[in-house]
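Have a look at the structure below, then the notes.
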Amino acid sequence: MKAFLKLIRWQNLLMVILTMVLMRYAVIAPVISRIGVILINGSGEEIPMSLQFPWYDFVILVAATVFITAGGYVINDYFDIKTDLINKGKVIVGTKIPRRQAMMWHSIFNIAGVAAGFYISSKSGYIWLGSLFLVVSGLLYFYSASYKRQFLIGNIIVALLTALVPMLVVLYEWPALFRYYAINAITHPKIDIIIWWVGGFALFAFLTNLIREIIKDIEDFEGDVAYGRNTVPVVLGVLSSKVVSVSLIILTIALLYLTWYFFINDIITFV
């Protein structure tokens, strides 16, 4: 069990869950609660907007995301056996967990994730959104099998998929809000603001994970060189990669400051 939990990076999965819960209840809910609406069948007084995507559907959305993410971690370890032996000196797949069993878990996680994704998409009225989970599943497979060996492509893909985690929350909440208040409110309020707020978190998720991926490649330099991977440190050199990482860190801090200065101006939030 311990090896299995390590294989699926249970700490990272908890972060995925926490991120999605916080986006829904600590970002979207407070933001829309500041928007007043007058319901057609109401008392005529303005009331605050509230979440309309059912919590039980949200739980399935989180589960679908976690399943797809776990499947991505499993297939990543499956393809990284040789390089991990050089970089880390130990592996899980092929020792504690047989290769065939790892592929079985990869299939189970992806089937469950895609199925849950299509289910929740059909419940939201946009079944085509389910294809997003199918695409992400495929991207994670090809990332492990090929893209991570190519210059910068793998890093950008992982950073984009990480940024997609908070965006998924607004992607399913926004249609529910729009549909409910378009029918029940006298005037439909503008709710684009939640896309901007969550999009801000997604931007920082992209930047910080891009930095993290480059630093990981620096750490894995020896194994990547040995197996001919064209990662950023292999192509540009370790020193240049460190300069890129530090530059991105400075950019991230600068953007954080500008966001705080122009939109929040609250020292506790900035810290």
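Every chain in the structure tokens takes a letter, A first, then B, and so on in the order presented; its residues are numbered from 1, and the ligands are numbered from 1 following the presented order.
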
| message | Residues within 12 Å of segment 237-249 of chain A, please, as a PyMOL selection string. Count only C-alpha atoms; anything in the same chain fewer than 2 positions from it doesn't count. | response | chain A and resi 151-152+204+206-222+225+230-235+251-256

Requested write-out: C-alpha atoms of the selected residues, as a short mmCIF file (atom, residue, chain, number, x, y, z; two decimals), in the first residue's frame:
```
data_model
loop_
_atom_site.label_atom_id
_atom_site.label_comp_id
_atom_site.auth_asym_id
_atom_site.auth_seq_id
_atom_site.Cartn_x
_atom_site.Cartn_y
_atom_site.Cartn_z
CA PHE A 151 13.20 20.57 -25.56
CA LEU A 152 10.74 22.61 -23.46
CA PHE A 204 0.66 31.55 -11.35
CA PHE A 206 1.57 27.72 -14.87
CA LEU A 207 4.60 29.85 -14.00
CA THR A 208 5.50 28.11 -10.75
CA ASN A 209 5.16 24.65 -12.27
CA LEU A 210 7.19 25.63 -15.34
CA ILE A 211 9.93 26.73 -12.92
CA ARG A 212 9.55 23.48 -11.00
CA GLU A 213 9.83 21.38 -14.17
CA ILE A 214 13.03 23.12 -15.28
CA ILE A 215 14.58 22.69 -11.81
CA LYS A 216 13.61 19.00 -11.85
CA ASP A 217 15.35 18.65 -15.22
CA ILE A 218 18.47 20.24 -13.72
CA GLU A 219 18.38 17.66 -10.92
CA ASP A 220 17.89 14.84 -13.46
CA PHE A 221 20.64 16.07 -15.78
CA GLU A 222 22.84 12.96 -15.59
CA VAL A 225 22.14 12.97 -20.81
CA ASN A 230 16.80 16.99 -25.04
CA THR A 231 15.67 18.73 -21.86
CA VAL A 232 16.38 22.42 -21.18
CA PRO A 233 19.58 21.74 -19.15
CA VAL A 234 20.86 19.26 -21.74
CA VAL A 235 20.32 21.69 -24.63
CA LEU A 251 8.89 37.47 -13.18
CA THR A 252 6.48 35.54 -10.92
CA ILE A 253 7.29 37.68 -7.88
CA ALA A 254 6.93 40.85 -9.95
CA LEU A 255 3.52 39.75 -11.26
CA LEU A 256 2.43 38.82 -7.73
#
```

Within 8 Å of Pro189 of chain A, counting only C-alpha atoms, which residues show up once you throw out same-chain ones fewer than 5 positions away? Write them as a PDB file with N, CA and C atoms, in the first residue's frame, please.
```pdb
ATOM      1  N   ILE A  35     -21.986  40.101  -5.979  1.00  0.00           N
ATOM      2  CA  ILE A  35     -22.814  40.523  -7.114  1.00  0.00           C
ATOM      3  C   ILE A  35     -24.285  40.368  -6.729  1.00  0.00           C
ATOM      4  N   GLY A  36     -25.025  41.446  -6.772  1.00  0.00           N
ATOM      5  CA  GLY A  36     -26.431  41.410  -6.397  1.00  0.00           C
ATOM      6  C   GLY A  36     -27.335  41.117  -7.584  1.00  0.00           C
ATOM      7  N   VAL A  37     -28.390  40.346  -7.348  1.00  0.00           N
ATOM      8  CA  VAL A  37     -29.372  40.021  -8.392  1.00  0.00           C
ATOM      9  C   VAL A  37     -30.785  40.139  -7.810  1.00  0.00           C
ATOM     10  N   TYR A 181     -29.301  32.012 -13.680  1.00  0.00           N
ATOM     11  CA  TYR A 181     -29.652  33.422 -13.550  1.00  0.00           C
ATOM     12  C   TYR A 181     -30.193  34.020 -14.846  1.00  0.00           C
TER      13      TYR A 181
END
```

| message | Need to verify the contact set: Ile8 of chain A, 9 Å, only C-alpha atoms, exclusion of same-chain residues closer than 5 positions in sequence. Can you return it as a ChimeraX atom specification? | response | /A:3,13,69-74

Take the selection from the previous step and output its residues with N, CA, C and O atoms, as a PDB file, in the first residue's frame.
```pdb
ATOM      1  N   ALA A   3       3.880   1.626  -1.197  1.00  0.00           N
ATOM      2  CA  ALA A   3       4.475   1.802  -2.523  1.00  0.00           C
ATOM      3  C   ALA A   3       3.449   2.339  -3.513  1.00  0.00           C
ATOM      4  O   ALA A   3       3.764   3.192  -4.354  1.00  0.00           O
ATOM      5  N   LEU A  13      -1.919  14.624  -5.098  1.00  0.00           N
ATOM      6  CA  LEU A  13      -3.360  14.462  -5.326  1.00  0.00           C
ATOM      7  C   LEU A  13      -4.158  15.245  -4.292  1.00  0.00           C
ATOM      8  O   LEU A  13      -5.202  15.819  -4.607  1.00  0.00           O
ATOM      9  N   THR A  69      -5.040  12.495 -13.017  1.00  0.00           N
ATOM     10  CA  THR A  69      -3.723  12.883 -12.501  1.00  0.00           C
ATOM     11  C   THR A  69      -2.949  11.670 -11.993  1.00  0.00           C
ATOM     12  O   THR A  69      -1.748  11.521 -12.275  1.00  0.00           O
ATOM     13  N   ALA A  70      -3.623  10.814 -11.238  1.00  0.00           N
ATOM     14  CA  ALA A  70      -2.979   9.604 -10.717  1.00  0.00           C
ATOM     15  C   ALA A  70      -2.498   8.716 -11.856  1.00  0.00           C
ATOM     16  O   ALA A  70      -1.385   8.160 -11.809  1.00  0.00           O
ATOM     17  N   GLY A  71      -3.322   8.573 -12.897  1.00  0.00           N
ATOM     18  CA  GLY A  71      -2.922   7.788 -14.064  1.00  0.00           C
ATOM     19  C   GLY A  71      -1.684   8.366 -14.721  1.00  0.00           C
ATOM     20  O   GLY A  71      -0.803   7.624 -15.193  1.00  0.00           O
ATOM     21  N   GLY A  72      -1.589   9.684 -14.755  1.00  0.00           N
ATOM     22  CA  GLY A  72      -0.416  10.344 -15.328  1.00  0.00           C
ATOM     23  C   GLY A  72       0.848  10.047 -14.535  1.00  0.00           C
ATOM     24  O   GLY A  72       1.918   9.827 -15.117  1.00  0.00           O
ATOM     25  N   TYR A  73       0.744  10.026 -13.210  1.00  0.00           N
ATOM     26  CA  TYR A  73       1.914   9.718 -12.378  1.00  0.00           C
ATOM     27  C   TYR A  73       2.367   8.270 -12.578  1.00  0.00           C
ATOM     28  O   TYR A  73       3.570   7.986 -12.618  1.00  0.00           O
ATOM     29  N   VAL A  74       1.414   7.361 -12.711  1.00  0.00           N
ATOM     30  CA  VAL A  74       1.752   5.947 -12.885  1.00  0.00           C
ATOM     31  C   VAL A  74       2.503   5.736 -14.196  1.00  0.00           C
ATOM     32  O   VAL A  74       3.566   5.090 -14.222  1.00  0.00           O
TER      33      VAL A  74
END
```

| atom CA of Thr187 of chain A to atom CA of Glu46 of chain A: how many Å, to one decimal? | 11.1 Å

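Each of A:Ser121, A:Ser131, A:Asn265, A:Ser146 was checked against Ile60 of chain A using only C-alpha atoms; the smallest atom-to-atom distance is that of A:Ser121.
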
| message | For Ile120 of chain A, find every residue with an atom within 7 Å (counting only C-alpha atoms), except residues of its own chain fewer than 2 positions away, and show them as a PyMOL selection string. | response | chain A and resi 57+60-61+116-118+122-124

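Each of A:Val158, A:Gly228, A:Val59, A:Leu51 was compared to Ile28 of chain A using only C-alpha atoms, and A:Leu51 turns out to be the nearest.
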
| request: Would you work out the distance separating atom CA of Asp192 of chain A from atom CA of Val27 of chain A, expressed in Å to one decimal? | output: 13.4 Å

| task | Please provide as a ChimeraX atom specification all residues within 9 Å of Ile92 of chain A, with the sequence filter that same-chain residues fewer than 4 positions apart are discarded (counting only C-alpha atoms). | result | /A:3-4,6-7,77-78,81,96-98
